[in-house]
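Participant: Pasting in a structure now, in structure tokens, and then I'll have a few things to ask.
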Amino acid sequence: MALIVKRAKGKTAARSRRHFRDDTVGKTVASASTMEADVRALDGDKTAKAKKVGELVAERAKAAGVEAVVFDRGGNQYHGRVAAIADGAREGGLSL
């Protein structure tokens, strides 16, 4: 399992993807984004919303039976919103 973080201008998304033996075939197990209505409604900065995304993706992944993932930051530096997603996922109970 890999927790893959994607960033776009002003938006942050995280999804957990299951990789089978063939890396060209994958199945998304859980996902969360700052574009979801409940996350957009939160008061706070982008980092606070990214942390909520991490908590949501952890909750959804655990509901799908996933307990441990590898954190793939997608080439982004590990700070700010990217680190907030990882922190939120850890607080949500995922092992990174």
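Quick note on naming: the chains in the structure tokens go A, B, ... in the order shown, residues restart at 1 in each chain, and ligands are numbered from 1 in order of appearance.
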Show me, as a list in words, the residues that have an atom within 12 Å of Ala30 (chain A) when counting only C-alpha atoms, minus same-chain residues fewer than 5 positions from it.

Facilitator: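 Near neighbours after the sequence-gap exclusion: Met1, Ala2, Leu3, Ile4, Ala13, Ala14, Arg15, Ser16, Arg17, Arg18, Val53, Gly54, Glu55, Leu56, Val57, Ala58, Glu59, Arg60, Ala61, Lys62, Ala63, Ala64, Gly65, Val66 and Val69 of chain A.
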
Participant: If we count only C-alpha atoms and set the cut-off at 8 Å, which residues sit around region 35-43 of chain A, ignoring sequence neighbours fewer than 3 positions away in its own chain? Please answer as number ranges by chain.

Facilitator: A: 11, 32, 49, 52-53

Participant: Rounded to one decimal in Å, what is the spacing between CA of Ala48 (chain A) and CA of Val70 (chain A)?

Facilitator: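 About the pair CA of Ala48 (chain A) and CA of Val70 (chain A): they are 22.0 Å apart.
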
Participant: Could you pull out the alpha helix (DSSP H) residues of chain A from DSSP and send them as a PyMOL selection string?

Facilitator: chain A and resi 37-40+46-63+81-91

Participant: Which distance in Å separates CA of Ala50 (chain A) and CA of Lys27 (chain A), to one decimal?

Facilitator: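 Separating CA of Ala50 (chain A) from CA of Lys27 (chain A) is a distance of 22.9 Å.
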
Participant: Expressed in Å to a single decimal, how great is the separation between CA of Gly75 (chain A) and CA of Val5 (chain A)?

Facilitator: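 Interatomic distance here is 9.2 Å.
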
Participant: With only C-alpha atoms as the atoms that count, which of A:Thr34, A:Lys6, A:Phe71, A:Val82 lies nearest to Ser95 (chain A)?

Facilitator: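 Looking only at the distances to Ser95 (chain A), the closest residue turns out to be A:Phe71.
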
Participant: Can you check which residues of region 55-87 of chain A DSSP gives as strand (DSSP E or B) on the backbone and send them as a ChimeraX atom specification?

Facilitator: /A:68,70-72
